[in-house]
Number of protein chains: 8
Amino acid sequence: MSGPHPLDDIDINILELLQENSKINLSQISSKLDVAESTIRYRIERLEKWGVITNYIALINPRMVGLNITAIMMIKLDPQKIKEVSESLAVFKELRHLFRTTGQYDMISVVNARDIAHLNELMEEIKMIDGVKELIVEVATELIKVDPKFSLR
Amino acid sequence: MSGPHPLDDIDINILELLQENSKINLSQISSKLDVAESTIRYRIERLEKWGVITNYIALINPRMVGLNITAIMMIKLDPQKIKEVSESLAVFKELRHLFRTTGQYDMISVVNARDIAHLNELMEEIKMIDGVKELIVEVATELIKVDPKFSLR
Amino acid sequence: MSGPHPLDDIDINILELLQENSKINLSQISSKLDVAESTIRYRIERLEKWGVITNYIALINPRMVGLNITAIMMIKLDPQKIKEVSESLAVFKELRHLFRTTGQYDMISVVNARDIAHLNELMEEIKMIDGVKELIVEVATELIKVDPKFSLR
Amino acid sequence: MSGPHPLDDIDINILELLQENSKINLSQISSKLDVAESTIRYRIERLEKWGVITNYIALINPRMVGLNITAIMMIKLDPQKIKEVSESLAVFKELRHLFRTTGQYDMISVVNARDIAHLNELMEEIKMIDGVKELIVEVATELIKVDPKFSLR
Amino acid sequence: MSGPHPLDDIDINILELLQENSKINLSQISSKLDVAESTIRYRIERLEKWGVITNYIALINPRMVGLNITAIMMIKLDPQKIKEVSESLAVFKELRHLFRTTGQYDMISVVNARDIAHLNELMEEIKMIDGVKELIVEVATELIKVDPKFSLR
Amino acid sequence: MSGPHPLDDIDINILELLQENSKINLSQISSKLDVAESTIRYRIERLEKWGVITNYIALINPRMVGLNITAIMMIKLDPQKIKEVSESLAVFKELRHLFRTTGQYDMISVVNARDIAHLNELMEEIKMIDGVKELIVEVATELIKVDPKFSLR
Amino acid sequence: MSGPHPLDDIDINILELLQENSKINLSQISSKLDVAESTIRYRIERLEKWGVITNYIALINPRMVGLNITAIMMIKLDPQKIKEVSESLAVFKELRHLFRTTGQYDMISVVNARDIAHLNELMEEIKMIDGVKELIVEVATELIKVDPKFSLR
Amino acid sequence: MSGPHPLDDIDINILELLQENSKINLSQISSKLDVAESTIRYRIERLEKWGVITNYIALINPRMVGLNITAIMMIKLDPQKIKEVSESLAVFKELRHLFRTTGQYDMISVVNARDIAHLNELMEEIKMIDGVKELIVEVATELIKVDPKFSLR
């Protein structure tokens, strides 16, 4: 591990537990790791202060809120307009991940939509953005793995 | 919203707050939404029971744990071996999202690696899996947006 | 079956017969399905009223009317002009199917032409439409299957 | 018009009416075209005998029978197995059109499925066919035009 | 054989001999085909008059006149400017074949150049033509077969 | 001009005339070029002996012999079988030009066929050759230029 | 060997030694090749004068000067602006090799950057150049071979 | 600059001079940089010991030794055989740079050949290597920039 702050095994173990379930309490962590509760508390506060832990959130099952379509968007842009398009795209709340990339596409995004009609609407709106040259969409027909956890070792 | 369970405005408002920050407590939610704490409690429990909320987790900044590379992998497979390859790929903890998709690629994955050497290793291991025909990697040179929240309206 | 109106086995059986041959008469349907003629009549009228059956038509063999070429057109558009191009394309009577699609192409069309010269003319006219960026044509060298029926089960 | 049987204006006019609506009766055709009913009857029988008219069918709205997804499949095959794969593919009732083509793909098909899960199943089954090398699917997000009629002039 | 003029076996045999070597004289053809010289003369004149035979030419070995590079050019055009570009391209004497085509490219050309520097010049001049969007060149590293004869049976 | 034999202006002028029309006789060439007939004769014999002129042939209009389709075939091969496939392909008399090339395709061929059905047959036979991995066909919808002459200056 | 100056075995042997290590001195070369030192000196001076040897340089390990990323850039240009873009690109000191090429891309470059952020900056600056239509980057995940020597036999 | 050894301005200045011309002597460097000769000597020795400077070589103009063709090879491999193919490819002395890469190709190489025939031979030999699936070659028609120096600031 070579991040800007040195993390030891206790830090890593805590992060793994909190990535699994952030509702776990200090005494549970303490007993699982066999480390004093006060140390756990100190370490968590330090991980938060260092910006290693950035937030605590509830995970939602997208199907249960009517978001039945996951799609990957590959976008080719007018190279001279990348910044403007970046900003326009970032506004879409349906685009949850948006990356600038090295290969055949200028940007790749992971998108959630309610249904095909909603996806069509999104595609149309995005294609209307000045500077978008090509929008290729791949519909995810199966979510084999969607894991919010990062591998820490 | 057309998920399997009917969600009303109170549900949606609660979900939005918990997606923003799950450490918020009942009284804070209650005052923000102007809804009785007992209702909030009941609704959250129901959202959990229905499987709308699936978990509560700590979010980590990957750069702070030494994961400097985000990449998108596009994978073409021997069509007759998709299931076996799916299972082999799902085991890699560096592959956090893995989708079966409709377009030119059979699967698309979002991957985190420590550095180029680690990415090279991953590419090599994945290419060695029997049934993998082509592995195209696009390195994310900028993370424009990485938002764990789903759009609920 | 999960369309907007609930269809039972009798409906499905009737639809299958009428998709095969709409000249079949009520008594033939009645005896084939062992259902009273009056029920058959009622059900057909209901299927028409519900919009399940939209029309009755004669099928023509395109080769017998001099349409020797079937081709698939894949079209890439100036993303900002999709609507205008849609409308211009829909006017061509040679383009019988026209879909807006998710992948590498913005639209895909199934086309019938008399011969290569006619196809060339069509290609030229379509390419002249403002907003058409790329027109890729694949000539069907064999019609393996052209089935107007929908699978109902 | 250069099909194998010479068709005159009366034939063409009749075909156009029957392509619009095959429930039209002889006297209606007769009055619309200002041609004797006996001529109409004779011409229709000849068009049927010549194989110009191949059938009369009911048209169904796929959405009303729960077929919510239209997709285009582009298929690359092991060139040495085209015939076997052709036969296996023709059996799928969800594949209504199946063409052997000249360009980048060996076959192109127009497909109807109930939903994304059904499409995923279909993709998986087709990919399992020995000889299928690549299956690229484009989901139709909008049916701009679906016209069963052929252009006769 | 289904060209506009009916050709019989004598015509075909004559054409095959003249495609092989047009310096053959009437008496040689006559004895090879066992057909009277006067018939041969009449048939050749008729083939010329019908436009079946369009010319007689000397074939040159391009390497012997310093044309060391054969290349295939695939050209994508601004669809709205195909005619103008056609005309500009047809002027290049290095472009001996130029076809408008159905697939990924708008035009394909077979080109002869003296050397790589000459090819580079040609590429540059062609790319400068207004309406040329993409020029992809494949250098022929081996001429496996260059046969001016058409297959007549 | 940098071929293996030095060609002067007289040689070039003669070659240009014979490429235009090989039926031209010595006295016509002599008067056109203002060079003695004996020199012309000597030079032509030398051009033939050097292998600059390889043959004299009649040019045929393919449409007049029922060859209505010109197509370009782009072929990808199993790299380990290029030689065997080369030989199998060279046998097809419909493939008049066949080049081994540098770019995305291993070979490119210019092909003449009678009609779409004949083209389909050819495609099927070629795809059946062991070692052929992909066959992409572009149908020439217009022959903008088909010039047998080489540029000599 | 067919360069503009005839090189014999002694020249070649000297070039091979100097390509391996230019710090070798005359007496070492002399004894290795068993050729008089005066001849070696004369030949080296001639190779320099002829422009066969163009320079003597120190080779640097890019990783040791903080250049951790090697990437290949494939560039598609507005064909009408190739010269201007050439000049703008040549200025970037990070682009060490820059070729105009025949295939799908107009130019290919080998690039060195400090890290992903630096690569992103470079990509952005290059994309901003007027006339750049597409920039595809492939990151080298392993340098299998980087040999400054040319093969001389 | 973030390599493993800290380099200061004097180191960088020395490296820049030696990358320009390694025949420069200590006193020349000393006077150009206004640094004592003893310091220069010490620094160069340290740069060599640290592995920053790896070698000193003569640069050759490839055209002057008969290497008229520069080409870029893009290689797709059987993913399961990358290591074996790597080793086979590294042996070719015509392949001077060989990289494993992230994008559409598994490896990219910069190659020098004498002429098209030599390039053809190379292509054939490389395609014969077991595990090579596709070899795409782009011929460099112009070497816009070939700079052995690395950018040090």
# chains A, B, ... in the order shown; residues from 1 in each chain; ligands from 1
call {"tool": "residues_around", "arguments": {"residues": "Ile40 of chain C", "least_positions_apart": "6", "cutoff": "8 Å", "atoms": "only C-alpha atoms", "output": "list in words"}}
result
Ile14, Leu26, Ile29 and Ser30 of chain C
call {"tool": "write_last_selection", "arguments": {"atoms": "N, CA and C atoms", "output": "compact mmCIF listing (two decimals), in the first residue's frame"}}
result
# COMPACT_ATOMS: atom_id res chain seq x y z
N ILE C 14 -56.06 -17.71 -30.84
CA ILE C 14 -56.66 -16.98 -31.97
C ILE C 14 -55.59 -16.16 -32.69
N LEU C 26 -64.51 -17.76 -38.98
CA LEU C 26 -64.85 -18.01 -37.57
C LEU C 26 -65.11 -19.47 -37.29
N ILE C 29 -61.88 -21.40 -37.08
CA ILE C 29 -61.20 -21.14 -35.80
C ILE C 29 -61.92 -21.87 -34.69
N SER C 30 -63.23 -21.77 -34.69
CA SER C 30 -64.06 -22.39 -33.66
C SER C 30 -63.79 -23.89 -33.58
call {"tool": "select_by_dssp", "arguments": {"residues": "chain A", "states": "alpha helix (DSSP H)", "output": "PyMOL selection string"}}
result
chain A and resi 9-20+26-33+37-49+82-90+116-127
call {"tool": "closest_atom_pairs", "arguments": {"of": "chain B", "to": "chain A", "cutoff": "7 Å", "atoms": "only C-alpha atoms", "output": "Markdown table"}}
result
| residue | atom | partner | partner_atom | distance |
| --- | --- | --- | --- | --- |
| B:Met1 | CA | A:Gly66 | CA | 5.3 |
| B:Ser2 | CA | A:Gly66 | CA | 4.6 |
| B:Gly3 | CA | A:Gly66 | CA | 3.9 |
| B:Pro4 | CA | A:Met64 | CA | 6.2 |
| B:Leu18 | CA | A:Ala58 | CA | 5.3 |
| B:Gln19 | CA | A:Ala58 | CA | 5.0 |
| B:Glu20 | CA | A:Ile57 | CA | 6.2 |
| B:Asn21 | CA | A:Ile57 | CA | 4.9 |
| B:Ser22 | CA | A:Ile57 | CA | 4.4 |
| B:Lys23 | CA | A:Tyr56 | CA | 6.4 |
| B:Gly51 | CA | A:Asn61 | CA | 6.9 |
| B:Val52 | CA | A:Met64 | CA | 5.2 |
| B:Ile53 | CA | A:Ile60 | CA | 4.5 |
| B:Thr54 | CA | A:Leu59 | CA | 5.6 |
| B:Asn55 | CA | A:Leu59 | CA | 5.1 |
| B:Tyr56 | CA | A:Ala58 | CA | 4.4 |
| B:Ile57 | CA | A:Ser22 | CA | 4.4 |
| B:Ala58 | CA | A:Tyr56 | CA | 4.4 |
| B:Leu59 | CA | A:Asn55 | CA | 5.1 |
| B:Ile60 | CA | A:Ile53 | CA | 4.6 |
| B:Asn61 | CA | A:Val52 | CA | 5.3 |
| B:Arg63 | CA | A:Gly3 | CA | 6.3 |
| B:Met64 | CA | A:Gly3 | CA | 4.8 |
| B:Val65 | CA | A:Gly3 | CA | 4.9 |
| B:Gly66 | CA | A:Gly3 | CA | 3.9 |
| B:Ala90 | CA | A:Lys145 | CA | 6.5 |
| B:Lys93 | CA | A:Ser151 | CA | 5.7 |
| B:Glu94 | CA | A:Ser151 | CA | 6.0 |
| B:Arg96 | CA | A:Asp147 | CA | 4.9 |
| B:His97 | CA | A:Val146 | CA | 4.6 |
| B:Leu98 | CA | A:Lys145 | CA | 4.9 |
| B:Phe99 | CA | A:Leu143 | CA | 4.8 |
| B:Arg100 | CA | A:Glu142 | CA | 5.0 |
| B:Thr101 | CA | A:Ala140 | CA | 4.3 |
| B:Thr102 | CA | A:Glu138 | CA | 5.4 |
| B:Gly103 | CA | A:Glu138 | CA | 5.1 |
| B:Glu138 | CA | A:Gly103 | CA | 5.1 |
| B:Val139 | CA | A:Thr102 | CA | 5.4 |
| B:Ala140 | CA | A:Thr101 | CA | 4.3 |
| B:Thr141 | CA | A:Thr101 | CA | 5.4 |
| B:Glu142 | CA | A:Arg100 | CA | 5.0 |
| B:Leu143 | CA | A:Phe99 | CA | 4.8 |
| B:Ile144 | CA | A:Leu98 | CA | 5.4 |
| B:Lys145 | CA | A:Leu98 | CA | 5.0 |
| B:Val146 | CA | A:His97 | CA | 4.6 |
| B:Asp147 | CA | A:Arg96 | CA | 4.9 |
| B:Pro148 | CA | A:Arg96 | CA | 6.7 |
| B:Ser151 | CA | A:Lys93 | CA | 5.7 |
| B:Leu152 | CA | A:Val65 | CA | 6.9 |
call {"tool": "write_last_selection", "arguments": {"atoms": "C-alpha atoms", "output": "short mmCIF file (atom, residue, chain, number, x, y, z; two decimals), in the first residue's frame"}}
result
data_model
loop_
_atom_site.label_atom_id
_atom_site.label_comp_id
_atom_site.auth_asym_id
_atom_site.auth_seq_id
_atom_site.Cartn_x
_atom_site.Cartn_y
_atom_site.Cartn_z
CA MET B 1 -41.09 5.23 -9.97
CA SER B 2 -42.14 1.74 -10.93
CA GLY B 3 -40.24 -0.65 -8.65
CA PRO B 4 -41.95 -3.70 -7.13
CA LEU B 18 -29.38 8.34 3.56
CA GLN B 19 -27.63 8.16 0.20
CA GLU B 20 -26.01 11.50 1.03
CA ASN B 21 -24.95 10.53 4.51
CA SER B 22 -26.07 7.48 6.44
CA LYS B 23 -24.76 8.82 9.77
CA GLY B 51 -34.63 -4.71 0.14
CA VAL B 52 -34.67 -1.14 -1.14
CA ILE B 53 -31.82 -0.31 1.23
CA THR B 54 -29.38 -3.20 1.04
CA ASN B 55 -26.54 -2.01 3.25
CA TYR B 56 -24.72 0.88 4.94
CA ILE B 57 -21.06 1.31 4.09
CA ALA B 58 -18.05 3.56 4.51
CA LEU B 59 -16.83 5.14 1.26
CA ILE B 60 -13.08 5.11 0.74
CA ASN B 61 -10.98 7.37 -1.46
CA ARG B 63 -6.05 7.16 -4.04
CA MET B 64 -5.64 7.30 -0.24
CA VAL B 65 -5.25 3.52 -0.09
CA GLY B 66 -2.72 3.43 -2.92
CA ALA B 90 -15.93 -12.38 -10.43
CA LYS B 93 -11.27 -8.28 -6.11
CA GLU B 94 -9.80 -5.57 -8.35
CA ARG B 96 -15.49 -4.05 -8.73
CA HIS B 97 -18.15 -3.80 -11.45
CA LEU B 98 -18.64 -6.52 -14.00
CA PHE B 99 -21.46 -6.37 -16.54
CA ARG B 100 -22.58 -8.66 -19.33
CA THR B 101 -23.40 -6.29 -22.19
CA THR B 102 -25.18 -6.05 -25.54
CA GLY B 103 -22.70 -4.40 -27.89
CA GLU B 138 -8.93 1.98 -21.27
CA VAL B 139 -7.12 3.79 -18.47
CA ALA B 140 -9.18 6.49 -16.80
CA THR B 141 -6.98 9.57 -16.91
CA GLU B 142 -9.48 11.63 -14.97
CA LEU B 143 -12.40 10.69 -12.71
CA ILE B 144 -14.86 13.41 -13.68
CA LYS B 145 -17.63 12.02 -11.51
CA VAL B 146 -17.91 9.01 -9.19
CA ASP B 147 -21.24 9.24 -7.50
CA PRO B 148 -22.56 6.30 -5.45
CA SER B 151 -31.22 9.26 -9.07
CA LEU B 152 -34.59 8.69 -7.39
#
call {"tool": "atom_distance", "arguments": {"atom1": "atom CA of Met74 of chain C", "atom2": "atom CA of Lys76 of chain D"}}
result
16.4 Å
call {"tool": "decode", "arguments": {"residues": "segment 37-113 of chain D", "atoms": "C-alpha atoms", "output": "mmCIF file, in the first residue's frame"}}
result
data_model
loop_
_atom_site.group_PDB
_atom_site.id
_atom_site.type_symbol
_atom_site.label_atom_id
_atom_site.label_comp_id
_atom_site.auth_asym_id
_atom_site.auth_seq_id
_atom_site.Cartn_x
_atom_site.Cartn_y
_atom_site.Cartn_z
ATOM 1 C CA GLU D 37 -65.443 -6.542 -59.892
ATOM 2 C CA SER D 38 -64.949 -9.589 -62.119
ATOM 3 C CA THR D 39 -61.615 -8.177 -63.331
ATOM 4 C CA ILE D 40 -60.568 -7.504 -59.762
ATOM 5 C CA ARG D 41 -61.420 -11.061 -58.747
ATOM 6 C CA TYR D 42 -59.526 -12.477 -61.728
ATOM 7 C CA ARG D 43 -56.464 -10.315 -61.089
ATOM 8 C CA ILE D 44 -56.296 -11.185 -57.376
ATOM 9 C CA GLU D 45 -56.519 -14.876 -58.165
ATOM 10 C CA ARG D 46 -53.744 -14.477 -60.740
ATOM 11 C CA LEU D 47 -51.546 -12.527 -58.287
ATOM 12 C CA GLU D 48 -52.049 -15.352 -55.786
ATOM 13 C CA LYS D 49 -51.347 -18.053 -58.399
ATOM 14 C CA TRP D 50 -48.209 -16.247 -59.601
ATOM 15 C CA GLY D 51 -46.978 -16.058 -56.012
ATOM 16 C CA VAL D 52 -47.005 -12.281 -55.942
ATOM 17 C CA ILE D 53 -49.417 -12.384 -53.008
ATOM 18 C CA THR D 54 -48.142 -15.087 -50.677
ATOM 19 C CA ASN D 55 -50.497 -14.814 -47.730
ATOM 20 C CA TYR D 56 -53.003 -12.732 -45.752
ATOM 21 C CA ILE D 57 -52.196 -12.111 -42.108
ATOM 22 C CA ALA D 58 -53.231 -10.227 -39.006
ATOM 23 C CA LEU D 59 -50.692 -7.677 -37.821
ATOM 24 C CA ILE D 60 -50.042 -7.608 -34.090
ATOM 25 C CA ASN D 61 -48.651 -4.787 -31.961
ATOM 26 C CA PRO D 62 -45.726 -6.451 -30.201
ATOM 27 C CA ARG D 63 -45.971 -4.211 -27.117
ATOM 28 C CA MET D 64 -49.578 -5.386 -26.612
ATOM 29 C CA VAL D 65 -48.426 -8.988 -26.343
ATOM 30 C CA GLY D 66 -45.631 -8.166 -23.907
ATOM 31 C CA LEU D 67 -42.751 -7.972 -26.392
ATOM 32 C CA ASN D 68 -41.183 -4.758 -25.164
ATOM 33 C CA ILE D 69 -37.717 -5.120 -26.635
ATOM 34 C CA THR D 70 -36.771 -4.985 -30.304
ATOM 35 C CA ALA D 71 -33.118 -5.588 -30.991
ATOM 36 C CA ILE D 72 -30.820 -6.033 -33.949
ATOM 37 C CA MET D 73 -28.318 -8.858 -33.704
ATOM 38 C CA MET D 74 -25.139 -8.786 -35.740
ATOM 39 C CA ILE D 75 -23.450 -12.132 -35.838
ATOM 40 C CA LYS D 76 -19.943 -13.189 -36.811
ATOM 41 C CA LEU D 77 -19.518 -16.869 -37.426
ATOM 42 C CA ASP D 78 -16.835 -19.412 -37.818
ATOM 43 C CA PRO D 79 -16.870 -19.241 -41.628
ATOM 44 C CA GLN D 80 -16.679 -22.986 -41.949
ATOM 45 C CA LYS D 81 -19.941 -23.481 -40.004
ATOM 46 C CA ILE D 82 -22.324 -21.012 -41.587
ATOM 47 C CA LYS D 83 -24.870 -23.574 -42.760
ATOM 48 C CA GLU D 84 -25.171 -25.359 -39.445
ATOM 49 C CA VAL D 85 -25.491 -22.103 -37.537
ATOM 50 C CA SER D 86 -28.091 -20.827 -40.045
ATOM 51 C CA GLU D 87 -30.267 -23.781 -39.276
ATOM 52 C CA SER D 88 -29.870 -23.484 -35.517
ATOM 53 C CA LEU D 89 -30.689 -19.798 -35.609
ATOM 54 C CA ALA D 90 -33.735 -20.169 -37.862
ATOM 55 C CA VAL D 91 -35.373 -22.244 -35.135
ATOM 56 C CA PHE D 92 -35.523 -19.345 -32.655
ATOM 57 C CA LYS D 93 -39.002 -17.884 -32.949
ATOM 58 C CA GLU D 94 -37.754 -14.609 -31.438
ATOM 59 C CA LEU D 95 -35.575 -14.078 -34.542
ATOM 60 C CA ARG D 96 -38.130 -12.919 -37.084
ATOM 61 C CA HIS D 97 -35.758 -11.693 -39.790
ATOM 62 C CA LEU D 98 -32.442 -13.380 -40.441
ATOM 63 C CA PHE D 99 -30.209 -12.316 -43.338
ATOM 64 C CA ARG D 100 -26.847 -13.492 -44.588
ATOM 65 C CA THR D 101 -24.968 -10.282 -45.399
ATOM 66 C CA THR D 102 -21.969 -8.886 -47.259
ATOM 67 C CA GLY D 103 -20.235 -6.600 -44.785
ATOM 68 C CA GLN D 104 -18.522 -6.869 -41.413
ATOM 69 C CA TYR D 105 -21.083 -9.323 -40.073
ATOM 70 C CA ASP D 106 -22.013 -12.705 -41.448
ATOM 71 C CA MET D 107 -25.651 -12.448 -40.434
ATOM 72 C CA ILE D 108 -28.013 -9.777 -39.212
ATOM 73 C CA SER D 109 -31.258 -10.508 -37.413
ATOM 74 C CA VAL D 110 -34.214 -8.489 -36.128
ATOM 75 C CA VAL D 111 -35.321 -9.890 -32.778
ATOM 76 C CA ASN D 112 -38.223 -9.415 -30.357
ATOM 77 C CA ALA D 113 -37.929 -10.133 -26.660
#
